[in-house]
>>> print(open('my_file-v1.tsv').read())   # TSV, C-alpha atoms
chain	number	residue	atom	x	y	z
A	571	MET	CA	-24.31	-4.07	-4.07
A	572	ALA	CA	-23.58	-7.30	-5.89
A	573	GLU	CA	-26.00	-9.10	-3.59
A	574	SER	CA	-28.87	-6.76	-4.50
A	575	VAL	CA	-28.11	-7.36	-8.17
A	576	LYS	CA	-28.02	-11.13	-7.71
A	577	VAL	CA	-31.57	-11.14	-6.40
A	578	LEU	CA	-33.00	-9.24	-9.37
A	579	PRO	CA	-35.59	-11.21	-11.37
A	580	GLU	CA	-34.24	-13.37	-14.17
A	581	GLU	CA	-35.77	-11.22	-16.93
A	582	VAL	CA	-33.86	-8.24	-15.57
A	583	GLN	CA	-30.63	-10.21	-15.12
A	584	GLU	CA	-30.84	-11.11	-18.82
A	585	ILE	CA	-30.71	-7.49	-19.97
A	586	ILE	CA	-27.82	-6.37	-17.80
A	587	GLU	CA	-24.11	-7.00	-17.42
A	588	VAL	CA	-22.66	-6.37	-13.97
A	589	HIS	CA	-19.14	-5.32	-13.03
A	590	GLU	CA	-18.09	-4.87	-9.44
A	591	TRP	CA	-14.92	-2.99	-8.53
A	592	ASP	CA	-13.10	-3.57	-5.28
A	593	MET	CA	-12.14	-0.23	-3.73
A	594	ARG	CA	-9.19	-1.84	-2.01
A	595	THR	CA	-7.50	-2.20	-5.37
A	596	ARG	CA	-5.81	0.35	-7.61
A	597	GLU	CA	-8.14	-0.70	-10.41
A	598	GLY	CA	-11.16	-0.02	-8.20
A	599	VAL	CA	-9.85	3.38	-7.15
A	600	THR	CA	-9.16	4.31	-10.77
A	601	ARG	CA	-12.69	3.37	-11.84
A	602	PHE	CA	-14.15	5.23	-8.84
A	603	LYS	CA	-12.33	8.38	-9.89
A	604	GLU	CA	-13.23	7.95	-13.55
A	605	LEU	CA	-16.87	7.97	-12.51
A	606	LYS	CA	-16.23	11.04	-10.33
A	607	ALA	CA	-17.80	9.24	-7.42
A	608	LYS	CA	-17.42	10.58	-3.88
A	609	SER	CA	-19.03	8.03	-1.58
A	610	LEU	CA	-19.52	4.32	-1.15
A	611	PRO	CA	-21.34	2.33	-2.30
A	612	SER	CA	-21.66	3.92	-5.72
A	613	VAL	CA	-23.67	2.50	-8.59
A	614	ALA	CA	-23.16	3.51	-12.21
A	615	LEU	CA	-25.48	2.52	-15.02
A	616	ASP	CA	-24.19	2.66	-18.60
A	617	GLY	CA	-21.05	4.31	-17.25
A	618	GLU	CA	-23.01	7.09	-15.57
A	619	LEU	CA	-22.98	7.54	-11.82
A	620	VAL	CA	-26.60	7.14	-10.70
A	621	TYR	CA	-26.65	6.14	-7.03
A	622	GLU	CA	-24.19	7.39	-4.40
A	623	ALA	CA	-23.94	6.28	-0.79
A	624	ILE	CA	-27.12	4.25	-1.13
A	625	ILE	CA	-28.19	0.91	-2.44
A	626	PRO	CA	-31.41	1.57	-4.35
A	627	GLY	CA	-34.51	-0.40	-3.55
A	628	GLN	CA	-35.19	-3.31	-5.88
A	629	GLU	CA	-38.25	-1.72	-7.47
A	630	GLU	CA	-36.44	1.55	-8.12
A	631	LEU	CA	-33.46	-0.25	-9.60
A	632	ILE	CA	-35.58	-2.45	-11.84
A	633	GLU	CA	-37.54	0.55	-13.06
A	634	GLU	CA	-34.36	2.46	-13.89
A	635	LEU	CA	-32.79	-0.53	-15.64
A	636	GLN	CA	-35.89	-1.18	-17.72
A	637	ARG	CA	-36.23	2.49	-18.61
A	638	ARG	CA	-32.66	2.58	-19.86
A	639	TYR	CA	-33.11	-0.69	-21.71
A	640	GLY	CA	-36.24	0.67	-23.39
A	641	GLU	CA	-34.38	3.73	-24.61
A	642	LYS	CA	-31.79	1.62	-26.43
B	1152	MET	CA	23.11	-23.44	-8.43
B	1153	LYS	CA	20.02	-22.49	-6.45
B	1154	PRO	CA	20.30	-22.87	-2.67
B	1155	LYS	CA	18.16	-25.70	-1.36
B	1156	ASN	CA	15.57	-25.36	1.38
B	1157	GLN	CA	15.24	-21.63	0.93
B	1158	LEU	CA	11.77	-20.22	1.48
B	1159	HIS	CA	10.40	-18.14	-1.39
B	1160	ARG	CA	7.21	-16.11	-1.33
B	1161	PHE	CA	5.24	-15.79	-4.53
B	1162	ILE	CA	2.29	-13.70	-5.66
B	1163	PHE	CA	0.42	-15.02	-8.67
B	1164	HIS	CA	-2.07	-12.83	-10.55
B	1165	THR	CA	-4.90	-15.10	-11.56
B	1166	ARG	CA	-6.97	-15.17	-14.73
B	1167	GLY	CA	-10.67	-16.06	-14.94
B	1168	VAL	CA	-11.32	-16.74	-11.27
B	1169	CYS	CA	-12.70	-14.68	-8.39
B	1170	PRO	CA	-9.58	-14.11	-6.25
B	1171	PRO	CA	-7.25	-11.78	-8.15
B	1172	GLU	CA	-4.14	-13.10	-6.44
B	1173	ILE	CA	-2.77	-16.30	-4.96
B	1174	HIS	CA	-0.02	-15.90	-2.36
B	1175	PHE	CA	2.08	-18.92	-1.53
B	1176	GLN	CA	5.45	-19.90	-0.16
B	1177	LEU	CA	7.69	-22.66	-1.42
B	1178	LYS	CA	10.59	-24.29	0.30
B	1179	ASP	CA	12.30	-26.31	-2.41
B	1180	ARG	CA	9.25	-28.21	-3.76
B	1181	LEU	CA	7.30	-28.10	-0.53
B	1182	LEU	CA	4.24	-25.84	-0.27
B	1183	GLU	CA	4.52	-23.95	3.03
B	1184	GLU	CA	1.74	-21.38	2.91
B	1185	ILE	CA	-1.11	-20.82	0.51
B	1186	ARG	CA	-3.73	-18.10	0.44
B	1187	PHE	CA	-6.28	-17.10	-2.18
B	1188	VAL	CA	-6.55	-13.33	-1.78
B	1189	GLY	CA	-9.19	-10.79	-2.64
B	1190	GLY	CA	-12.33	-12.75	-3.50
B	1191	GLY	CA	-13.94	-16.10	-4.13
B	1192	CYS	CA	-15.32	-18.57	-1.62
B	1193	PRO	CA	-13.24	-18.02	1.51
B	1194	GLY	CA	-14.35	-21.23	3.24
B	1195	ASN	CA	-13.51	-23.48	0.31
B	1196	ALA	CA	-10.29	-21.64	-0.38
B	1197	GLN	CA	-9.23	-22.04	3.23
B	1198	LEU	CA	-10.04	-25.74	3.14
B	1199	VAL	CA	-8.03	-26.24	-0.05
B	1200	SER	CA	-5.17	-24.34	1.55
B	1201	ARG	CA	-5.21	-26.48	4.67
B	1202	LEU	CA	-5.43	-29.72	2.74
B	1203	ILE	CA	-2.45	-29.05	0.54
B	1204	LYS	CA	-0.22	-27.18	2.98
B	1205	GLY	CA	2.93	-29.16	3.74
B	1206	LYS	CA	2.61	-31.35	0.63
B	1207	THR	CA	5.05	-31.46	-2.24
B	1208	ILE	CA	4.23	-29.91	-5.61
B	1209	ASP	CA	4.60	-33.32	-7.25
B	1210	HIS	CA	1.93	-34.71	-4.96
B	1211	ILE	CA	-0.64	-31.93	-5.36
B	1212	LEU	CA	-0.27	-30.84	-9.00
B	1213	PRO	CA	-2.23	-33.80	-10.41
B	1214	LEU	CA	-5.03	-33.01	-7.95
B	1215	LEU	CA	-5.26	-29.36	-8.96
B	1216	ARG	CA	-4.78	-29.41	-12.72
B	1217	GLY	CA	-7.75	-29.14	-15.08
B	1218	ILE	CA	-10.54	-28.46	-12.58
B	1219	GLU	CA	-13.07	-26.11	-14.18
B	1220	CYS	CA	-15.30	-23.64	-12.35
B	1221	ARG	CA	-15.65	-20.74	-14.81
B	1222	GLU	CA	-13.93	-19.66	-18.01
B	1223	GLN	CA	-12.31	-23.10	-18.37
B	1224	THR	CA	-10.39	-22.67	-15.15
B	1225	SER	CA	-10.81	-22.59	-11.37
B	1226	CYS	CA	-8.96	-21.58	-8.22
B	1227	PRO	CA	-7.22	-25.00	-7.99
B	1228	ASP	CA	-6.38	-24.89	-11.69
B	1229	GLN	CA	-4.94	-21.40	-11.32
B	1230	LEU	CA	-2.92	-22.59	-8.35
B	1231	ALA	CA	-1.55	-25.37	-10.54
B	1232	VAL	CA	-0.52	-22.78	-13.14
B	1233	ALA	CA	1.06	-20.69	-10.39
B	1234	LEU	CA	3.06	-23.60	-8.96
B	1235	GLU	CA	4.25	-24.73	-12.39
B	1236	SER	CA	5.27	-21.14	-13.17
B	1237	ALA	CA	7.22	-20.91	-9.92
B	1238	VAL	CA	8.98	-24.19	-10.60
B	1239	ASN	CA	9.88	-23.39	-14.20
B	1240	GLY	CA	11.02	-19.87	-13.25
B	1241	THR	CA	8.48	-17.81	-15.19
B	1242	LEU	CA	7.02	-16.62	-11.87
B	1243	LEU	CA	9.71	-15.03	-9.75
B	1244	PRO	CA	9.61	-14.76	-5.96
B	1245	ALA	CA	7.71	-11.67	-4.86
B	1246	GLU	CA	9.69	-8.64	-3.87
B	1247	THR	CA	7.17	-7.44	-1.36
B	1248	LEU	CA	7.51	-4.22	0.54
B	1249	ARG	CA	10.20	-4.21	3.14
B	1250	ILE	CA	8.48	-3.28	6.39
B	1251	MET	CA	10.25	-2.40	9.63
B	1252	ASP	CA	8.67	-1.98	13.01
B	1253	ASP	CA	9.98	0.33	15.72
B	1254	SER	CA	8.52	-1.63	18.59
B	1255	LYS	CA	9.34	0.85	21.37
B	1256	PRO	CA	6.26	2.88	22.34
B	1257	ARG	CA	6.87	6.58	21.66
B	1258	GLU	CA	5.46	9.79	23.10
B	1259	ARG	CA	7.42	12.51	21.31
B	1260	VAL	CA	8.85	12.04	17.85
B	1261	GLY	CA	10.37	14.06	15.04
B	1262	LEU	CA	9.56	13.86	11.35
B	1263	ILE	CA	12.07	14.68	8.65
B	1264	GLY	CA	10.91	15.32	5.12
B	1265	VAL	CA	12.71	15.35	1.79
B	1266	LEU	CA	16.34	16.38	2.29
B	1267	ASP	CA	17.49	16.16	-1.33
B	1268	GLY	CA	21.00	15.29	-0.20
B	1269	ASN	CA	21.53	18.44	1.85
B	1270	SER	CA	23.63	17.62	4.91
B	1271	ASP	CA	23.63	21.18	6.30
B	1272	ILE	CA	19.87	21.06	6.71
B	1273	LEU	CA	20.04	17.64	8.28
B	1274	GLU	CA	22.65	18.79	10.74
B	1275	LYS	CA	20.50	21.76	11.74
B	1276	ILE	CA	17.41	19.57	12.13
B	1277	ILE	CA	19.22	16.99	14.24
B	1278	SER	CA	20.49	19.72	16.53
B	1279	SER	CA	16.99	21.22	16.80
B	1280	MET	CA	15.45	17.83	17.53
B	1281	GLN	CA	17.96	17.19	20.28
B	1282	SER	CA	17.18	20.49	21.95
B	1283	ASN	CA	13.46	19.71	21.65
B	1284	GLY	CA	13.87	16.36	23.35
B	1285	VAL	CA	12.49	14.00	20.71
B	1286	GLU	CA	12.73	10.29	21.54
B	1287	ALA	CA	12.97	9.08	17.98
B	1288	ALA	CA	13.06	10.55	14.50
B	1289	TYR	CA	11.59	9.20	11.30
B	1290	CYS	CA	13.21	10.26	8.05
B	1291	MET	CA	10.51	9.97	5.44
B	1292	GLY	CA	12.54	9.30	2.30
B	1293	ASN	CA	14.37	11.05	-0.52
B	1294	PHE	CA	17.16	11.98	1.83
B	1295	THR	CA	19.41	11.55	-1.22
B	1296	GLY	CA	19.25	13.98	-4.10
B	1297	LYS	CA	20.97	16.33	-6.46
B	1298	GLU	CA	22.90	18.13	-3.75
B	1299	ASP	CA	26.35	16.65	-3.77
B	1300	ALA	CA	26.37	15.66	-0.10
B	1301	ASN	CA	24.55	12.36	-0.19
B	1302	GLU	CA	27.41	10.56	1.50
B	1303	ASP	CA	27.46	13.14	4.31
B	1304	VAL	CA	23.70	12.81	4.72
B	1305	ILE	CA	23.97	9.04	4.96
B	1306	ARG	CA	26.87	9.29	7.40
B	1307	LEU	CA	24.85	11.63	9.63
B	1308	LEU	CA	21.74	9.45	9.47
B	1309	LYS	CA	23.70	6.30	10.30
B	1310	ARG	CA	25.38	7.98	13.26
B	1311	GLN	CA	22.16	8.97	15.03
B	1312	LYS	CA	20.58	6.75	17.63
B	1313	GLU	CA	16.83	6.28	17.35
B	1314	MET	CA	16.84	7.58	13.78
B	1315	PHE	CA	14.71	5.49	11.44
B	1316	CYS	CA	14.85	5.98	7.69
B	1317	ILE	CA	12.63	4.74	4.93
B	1318	GLN	CA	13.41	4.60	1.24
B	1319	GLY	CA	11.97	7.31	-0.93
B	1320	GLU	CA	11.76	6.81	-4.66
B	1321	ARG	CA	15.16	8.35	-5.30
B	1322	ASP	CA	16.76	6.41	-2.46
B	1323	TRP	CA	15.27	3.21	-3.88
B	1324	SER	CA	16.79	4.06	-7.25
B	1325	TYR	CA	20.20	4.50	-5.65
B	1326	GLY	CA	19.79	1.26	-3.71
B	1327	ASN	CA	19.02	-0.60	-6.91
B	1328	TYR	CA	21.53	1.16	-9.18
B	1329	ARG	CA	18.72	2.68	-11.21
B	1330	GLU	CA	19.28	6.40	-10.66
B	1331	SER	CA	20.03	8.76	-13.50
B	1332	GLY	CA	21.29	12.32	-13.52
B	1333	LEU	CA	22.32	12.13	-9.88
B	1334	PRO	CA	25.74	12.34	-8.22
B	1335	PRO	CA	27.64	9.06	-7.87
B	1336	LEU	CA	27.35	7.12	-4.62
B	1337	ARG	CA	29.61	4.54	-3.01
B	1338	SER	CA	28.50	0.94	-3.19
B	1339	GLN	CA	28.41	0.59	0.60
B	1340	ASP	CA	26.03	3.54	0.83
B	1341	ARG	CA	23.85	1.99	-1.85
B	1342	ASP	CA	23.84	-1.27	0.10
B	1343	TRP	CA	22.81	0.57	3.27
B	1344	ILE	CA	19.97	2.24	1.40
B	1345	ALA	CA	18.89	-1.05	-0.18
B	1346	MET	CA	18.49	-2.58	3.27
B	1347	LEU	CA	16.26	0.22	4.54
B	1348	PRO	CA	12.56	-0.44	4.84
B	1349	GLN	CA	10.07	1.08	2.44
B	1350	VAL	CA	7.42	1.11	5.12
B	1351	MET	CA	7.95	1.91	8.79
B	1352	THR	CA	5.56	1.20	11.60
B	1353	PHE	CA	5.71	2.55	15.13
B	1354	GLN	CA	3.57	3.15	18.19
B	1355	LEU	CA	2.65	6.64	19.29
B	1356	GLY	CA	0.59	7.03	22.45
B	1357	GLY	CA	-0.82	3.54	22.01
B	1358	ARG	CA	-1.84	4.18	18.41
B	1359	LYS	CA	-0.32	2.35	15.49
B	1360	ALA	CA	1.46	4.49	12.94
B	1361	VAL	CA	2.60	3.67	9.43
B	1362	ALA	CA	4.99	5.77	7.39
B	1363	PHE	CA	5.86	5.51	3.72
B	1364	TYR	CA	7.16	7.83	1.02
B	1365	GLY	CA	4.66	7.64	-1.80
B	1366	ASP	CA	3.25	6.05	-4.90
B	1367	TYR	CA	6.45	4.48	-6.25
B	1368	LEU	CA	5.66	1.62	-3.86
B	1369	GLN	CA	2.60	0.76	-5.94
B	1370	HIS	CA	4.85	0.16	-8.94
B	1371	LEU	CA	7.43	-2.05	-7.22
B	1372	PRO	CA	7.55	-5.69	-8.32
B	1373	GLY	CA	5.32	-7.77	-6.10
B	1374	PHE	CA	3.27	-4.89	-4.70
B	1375	SER	CA	-0.07	-6.28	-3.66
B	1376	ASP	CA	-3.23	-4.24	-3.09
B	1377	PHE	CA	-3.98	-6.78	-0.39
B	1378	GLY	CA	-0.54	-6.83	1.20
B	1379	SER	CA	0.31	-5.17	4.49
B	1380	TYR	CA	-0.61	-1.48	4.39
B	1381	GLY	CA	-1.54	-1.77	0.71
B	1382	LEU	CA	-4.92	-0.27	1.52
B	1383	GLU	CA	-3.46	2.75	3.33
B	1384	ILE	CA	-1.05	3.33	0.43
B	1385	ASN	CA	-3.77	2.98	-2.21
B	1386	MET	CA	-6.17	5.26	-0.39
B	1387	VAL	CA	-3.63	8.02	0.30
B	1388	CYS	CA	-1.81	7.95	-3.03
B	1389	GLY	CA	-4.69	6.99	-5.31
B	1390	LEU	CA	-8.05	7.88	-3.87
B	1391	THR	CA	-7.20	11.18	-2.20
B	1392	ASP	CA	-4.31	12.22	-4.44
B	1393	PHE	CA	-2.27	12.55	-1.27
B	1394	MET	CA	-5.22	14.20	0.51
B	1395	GLY	CA	-5.58	17.00	-2.05
B	1396	ASP	CA	-9.01	15.77	-3.10
B	1397	GLU	CA	-11.22	16.25	-0.06
B	1398	THR	CA	-14.39	15.47	-2.05
B	1399	VAL	CA	-13.60	11.76	-1.73
B	1400	PHE	CA	-13.27	11.85	2.06
B	1401	PRO	CA	-16.70	10.18	2.49
B	1402	ALA	CA	-15.38	7.21	0.52
B	1403	LEU	CA	-12.14	7.29	2.47
B	1404	GLU	CA	-14.12	7.24	5.70
B	1405	ALA	CA	-15.97	4.16	4.46
B	1406	MET	CA	-12.67	2.37	3.82
B	1407	ILE	CA	-10.67	3.28	6.91
B	1408	PRO	CA	-12.29	0.71	9.22
B	1409	GLN	CA	-10.20	-1.77	7.19
B	1410	PHE	CA	-6.95	0.12	7.85
B	1411	GLN	CA	-4.26	-1.58	9.88
B	1412	ALA	CA	-2.89	1.76	11.13
B	1413	ASP	CA	-4.39	4.70	13.01
B	1414	LEU	CA	-1.84	7.32	11.99
B	1415	ILE	CA	-0.63	7.52	8.40
B	1416	PHE	CA	2.47	9.47	7.35
B	1417	PHE	CA	3.66	10.11	3.81
B	1418	GLY	CA	6.45	12.19	2.29
B	1419	GLN	CA	5.95	12.55	-1.43
B	1420	ARG	CA	3.60	15.53	-1.39
B	1421	LYS	CA	6.46	17.75	-0.18
B	1422	ASP	CA	4.29	20.23	1.72
B	1423	TRP	CA	3.19	19.88	5.30
B	1424	GLY	CA	-0.36	18.86	6.11
B	1425	HIS	CA	-2.56	17.21	8.73
B	1426	TRP	CA	-6.03	15.76	8.23
B	1427	CYS	CA	-8.42	13.89	10.53
B	1428	VAL	CA	-10.87	11.58	8.81
B	1429	GLY	CA	-13.02	9.33	10.94
B	1430	GLU	CA	-10.78	8.23	13.78
B	1431	LYS	CA	-7.64	8.24	11.66
B	1432	GLU	CA	-5.06	10.99	11.29
B	1433	PHE	CA	-3.04	11.64	8.16
B	1434	PHE	CA	0.20	13.60	8.00
B	1435	SER	CA	2.00	14.90	4.97
B	1436	VAL	CA	5.65	15.38	5.88
B	1437	GLY	CA	6.85	18.33	3.83
B	1438	ARG	CA	10.22	19.56	2.69
B	1439	SER	CA	13.07	19.99	5.14
B	1440	MET	CA	13.78	23.46	3.90
B	1441	GLU	CA	11.31	26.22	3.16
B	1442	SER	CA	12.19	29.86	2.46
B	1443	GLY	CA	15.79	29.23	3.44
B	1444	ARG	CA	14.87	27.78	6.85
B	1445	ALA	CA	15.20	24.24	8.08
B	1446	LYS	CA	11.82	22.70	8.93
B	1447	TRP	CA	10.77	19.50	10.66
B	1448	GLY	CA	7.68	18.09	12.34
B	1449	LEU	CA	7.21	17.53	16.05
B	1450	LEU	CA	4.51	15.15	17.12
B	1451	GLU	CA	3.79	14.50	20.76
B	1452	VAL	CA	1.22	12.73	22.83
B	1453	VAL	CA	-0.84	15.13	24.94
B	1454	SER	CA	-3.89	14.53	27.06
B	1455	GLY	CA	-6.73	13.87	24.70
B	1456	GLY	CA	-4.67	13.07	21.62
B	1457	LEU	CA	-1.72	14.25	19.60
B	1458	ARG	CA	-0.20	17.65	19.11
B	1459	PHE	CA	1.46	18.32	15.78
B	1460	GLU	CA	3.55	21.34	14.92
B	1461	THR	CA	6.33	22.25	12.57
B	1462	ILE	CA	9.58	23.69	13.93
B	1463	GLU	CA	11.64	26.11	11.87
B	1464	GLU	CA	15.27	27.03	12.34
B	1465	ALA	CA	17.28	29.72	10.60
B	1466	MET	CA	20.18	28.35	8.59
>>> encode(input="my_file-v1.tsv", output="structure tokens")
Amino acid sequence: MAESVKVLPEEVQEIIEVHEWDMRTREGVTRFKELKAKSLPSVALDGELVYEAIIPGQEELIEELQRRYGEK
Amino acid sequence: MKPKNQLHRFIFHTRGVCPPEIHFQLKDRLLEEIRFVGGGCPGNAQLVSRLIKGKTIDHILPLLRGIECREQTSCPDQLAVALESAVNGTLLPAETLRIMDDSKPRERVGLIGVLDGNSDILEKIISSMQSNGVEAAYCMGNFTGKEDANEDVIRLLKRQKEMFCIQGERDWSYGNYRESGLPPLRSQDRDWIAMLPQVMTFQLGGRKAVAFYGDYLQHLPGFSDFGSYGLEINMVCGLTDFMGDETVFPALEAMIPQFQADLIFFGQRKDWGHWCVGEKEFFSVGRSMESGRAKWGLLEVVSGGLRFETIEEAM
């Protein structure tokens, strides 16, 4: 997932903050359960689980990020 | 006075860099092994490791100190902090999990769950296992307990051939003089317990098995998420809540290709259970006594896989 975030356009990168959790770690497992996720990879936006078992396409992800940013 | 030329293994938890841990070994002031674990640039990290392996701390510290990559630090800088901490004693040698391997390939084995210090149950189970022709038995921890027969239990366990025991949480407490509210135990029995492994590996029908008690291992000093069988322990104890949460099995299935073992046994849950996820099999080894009857697990290799059943004996 981190790779798909890295390739987002600069204007999108500027409005987001990215955290990646490693599921091999206890910290990663704890976060996974906090989000009530079931599958991998899982993507949460603003602490809300949005994508499960898929990596969204770039256009879809950008649209969702910008929509959320616009609502703030 | 510290003994010279003794090899010590350290695990350093980094700050501000990609790899969360640095594992290294020191013999006196000589760096024997070095590994940046869990992230970062693996090629560069491996190169750094190769370049400084076999050098003395005095030689490499000036090379490592003060290099900045992010957040005013870097992997080399963190290694410098780690080495200085090891030398000045603020970082203690890692007490990693004690792992024992039963290298003899097995076809028919017995599993003993929590005994709680009850020697009568153990005696009954041993007798039942002998009449069922098991090759080896694995005692899954917490063989000590509130029943006042811990010494008899230990005596029986020590006397058996092909009996392999792992430390449960309570056993670990006894072995480290940390128990409370439990019957006293002789020092030699505590020493025997302290030398037991916390993780046992064995071969069953050509498949690799790992057995451990439960989540106390995650809280032991030096436990590493990236250490041997750390993933199996984290997934069983944390992700699946000892397999009670089947909703996370898709995530478990995504992680198990990274497992070292094919068969995973655990004892803490205290009830018996068997799950197949992906190509892995998980076994919860339950209590040794249920409804007044002794109970143990028989696992044997059959054509096409494994057969698992529990055997009950009247007391």
>>> closest_atom_pairs(input="my_file-v1.tsv", of="stretch 1303-1382 of chain B", to="stretch 1444-1460 of chain B", cutoff="12 Å", atoms="only C-alpha atoms", output="JSON lines")
{"residue": "B:Gln1354", "atom": "CA", "partner": "B:Val1452", "partner_atom": "CA", "distance": 10.9}
{"residue": "B:Leu1355", "atom": "CA", "partner": "B:Val1452", "partner_atom": "CA", "distance": 7.2}
{"residue": "B:Gly1356", "atom": "CA", "partner": "B:Val1452", "partner_atom": "CA", "distance": 5.7}
{"residue": "B:Gly1357", "atom": "CA", "partner": "B:Val1452", "partner_atom": "CA", "distance": 9.4}
{"residue": "B:Arg1358", "atom": "CA", "partner": "B:Gly1456", "partner_atom": "CA", "distance": 9.9}
{"residue": "B:Ala1360", "atom": "CA", "partner": "B:Leu1450", "partner_atom": "CA", "distance": 11.8}
>>> closest_residue(input="my_file-v1.tsv", among="B:Leu1230, B:Ala1288, B:Val1304, B:Ile1407", to="chain A", atoms="only C-alpha atoms")
B:Ile1407
>>> atom_distance(input="my_file-v1.tsv", atom1="atom CA of B:Tyr1328", atom2="atom CA of B:Ala1245")
19.3 Å
>>> residues_around(input="my_file-v1.tsv", residues="A:Leu631", least_positions_apart="4", cutoff="12 Å", atoms="all atoms listed in the file", output="list in words")
Met571, Ser574, Val575, Val577, Leu578, Pro579, Val582, Gln583, Ile586, Val613, Ala614, Leu615, Val620, Tyr621, Ile624, Ile625, Pro626, Gly627, Leu635, Gln636, Arg637 and Arg638 of chain A
>>> residues_around(input="my_file-v1.tsv", residues="B:Phe1377", least_positions_apart="6", cutoff="8 Å", atoms="all atoms listed in the file", output="PyMOL selection string")
(chain A and resi 594-595) or (chain B and resi 1188-1189)
>>> closest_residue(input="my_file-v1.tsv", among="B:Gln1419, B:Asn1385, B:Ser1439, B:Thr1352", to="chain A", atoms="only C-alpha atoms")
B:Asn1385
>>> interface_residues(input="my_file-v1.tsv", of="chain A", to="chain B", cutoff="9 Å", atoms="all atoms listed in the file", output="PyMOL selection string")
chain A and resi 592-596+599-600+602-603+607-611+623
>>> write_last_selection(input="my_file-v1.tsv", atoms="C-alpha atoms", output="short mmCIF file (atom, residue, chain, number, x, y, z; two decimals), in the frame of the given file")
data_model
loop_
_atom_site.label_atom_id
_atom_site.label_comp_id
_atom_site.auth_asym_id
_atom_site.auth_seq_id
_atom_site.Cartn_x
_atom_site.Cartn_y
_atom_site.Cartn_z
CA ASP A 592 -13.10 -3.57 -5.28
CA MET A 593 -12.14 -0.23 -3.73
CA ARG A 594 -9.19 -1.84 -2.01
CA THR A 595 -7.50 -2.20 -5.37
CA ARG A 596 -5.81 0.35 -7.61
CA VAL A 599 -9.85 3.38 -7.15
CA THR A 600 -9.16 4.31 -10.77
CA PHE A 602 -14.15 5.23 -8.84
CA LYS A 603 -12.33 8.38 -9.89
CA ALA A 607 -17.80 9.24 -7.42
CA LYS A 608 -17.42 10.58 -3.88
CA SER A 609 -19.03 8.03 -1.58
CA LEU A 610 -19.52 4.32 -1.15
CA PRO A 611 -21.34 2.33 -2.30
CA ALA A 623 -23.94 6.28 -0.79
#
>>> atom_distance(input="my_file-v1.tsv", atom1="atom CA of A:Glu580", atom2="atom CA of A:Gln628")
13.1 Å
>>> closest_atom_pairs(input="my_file-v1.tsv", of="stretch 1250-1315 of chain B", to="stretch 1344-1350 of chain B", cutoff="12 Å", atoms="all atoms listed in the file", output="JSON lines")
{"residue": "B:Ile1250", "atom": "CA", "partner": "B:Val1350", "partner_atom": "CA", "distance": 4.7}
{"residue": "B:Met1251", "atom": "CA", "partner": "B:Pro1348", "partner_atom": "CA", "distance": 5.7}
{"residue": "B:Asp1252", "atom": "CA", "partner": "B:Val1350", "partner_atom": "CA", "distance": 8.6}
{"residue": "B:Asp1253", "atom": "CA", "partner": "B:Val1350", "partner_atom": "CA", "distance": 10.9}
{"residue": "B:Tyr1289", "atom": "CA", "partner": "B:Val1350", "partner_atom": "CA", "distance": 11.0}
{"residue": "B:Cys1290", "atom": "CA", "partner": "B:Leu1347", "partner_atom": "CA", "distance": 11.1}
{"residue": "B:Met1291", "atom": "CA", "partner": "B:Val1350", "partner_atom": "CA", "distance": 9.4}
{"residue": "B:Gly1292", "atom": "CA", "partner": "B:Gln1349", "partner_atom": "CA", "distance": 8.6}
{"residue": "B:Asn1293", "atom": "CA", "partner": "B:Ile1344", "partner_atom": "CA", "distance": 10.6}
{"residue": "B:Phe1294", "atom": "CA", "partner": "B:Ile1344", "partner_atom": "CA", "distance": 10.1}
{"residue": "B:Thr1295", "atom": "CA", "partner": "B:Ile1344", "partner_atom": "CA", "distance": 9.7}
{"residue": "B:Asn1301", "atom": "CA", "partner": "B:Ile1344", "partner_atom": "CA", "distance": 11.2}
{"residue": "B:Glu1302", "atom": "CA", "partner": "B:Ile1344", "partner_atom": "CA", "distance": 11.2}
{"residue": "B:Val1304", "atom": "CA", "partner": "B:Ile1344", "partner_atom": "CA", "distance": 11.7}
{"residue": "B:Ile1305", "atom": "CA", "partner": "B:Ile1344", "partner_atom": "CA", "distance": 8.7}
{"residue": "B:Arg1306", "atom": "CA", "partner": "B:Ile1344", "partner_atom": "CA", "distance": 11.5}
{"residue": "B:Leu1308", "atom": "CA", "partner": "B:Ile1344", "partner_atom": "CA", "distance": 11.0}
{"residue": "B:Lys1309", "atom": "CA", "partner": "B:Ile1344", "partner_atom": "CA", "distance": 10.5}
{"residue": "B:Met1314", "atom": "CA", "partner": "B:Leu1347", "partner_atom": "CA", "distance": 11.8}
{"residue": "B:Phe1315", "atom": "CA", "partner": "B:Leu1347", "partner_atom": "CA", "distance": 8.8}
>>> atom_distance(input="my_file-v1.tsv", atom1="atom CA of B:Glu1320", atom2="atom CA of B:Asp1267")
11.5 Å
>>> decode(input="my_file-v1.tsv", residues="stretch 618-629 of chain A", atoms="C-alpha atoms", output="PDB file, in the first residue's frame")
ATOM      1  CA  GLU A 618     -12.149   4.740   9.405  1.00  0.00           C
ATOM      2  CA  LEU A 619     -11.713   1.468   7.573  1.00  0.00           C
ATOM      3  CA  VAL A 620     -12.432   2.219   3.911  1.00  0.00           C
ATOM      4  CA  TYR A 621     -10.735  -0.416   1.753  1.00  0.00           C
ATOM      5  CA  GLU A 622     -10.363  -4.084   2.682  1.00  0.00           C
ATOM      6  CA  ALA A 623      -8.472  -6.753   0.783  1.00  0.00           C
ATOM      7  CA  ILE A 624      -7.887  -4.369  -2.104  1.00  0.00           C
ATOM      8  CA  ILE A 625      -5.558  -1.576  -3.008  1.00  0.00           C
ATOM      9  CA  PRO A 626      -7.774   1.108  -4.542  1.00  0.00           C
ATOM     10  CA  GLY A 627      -6.960   2.500  -7.942  1.00  0.00           C
ATOM     11  CA  GLN A 628      -5.098   5.803  -7.905  1.00  0.00           C
ATOM     12  CA  GLU A 629      -8.020   7.804  -9.282  1.00  0.00           C
TER      13      GLU A 629
END
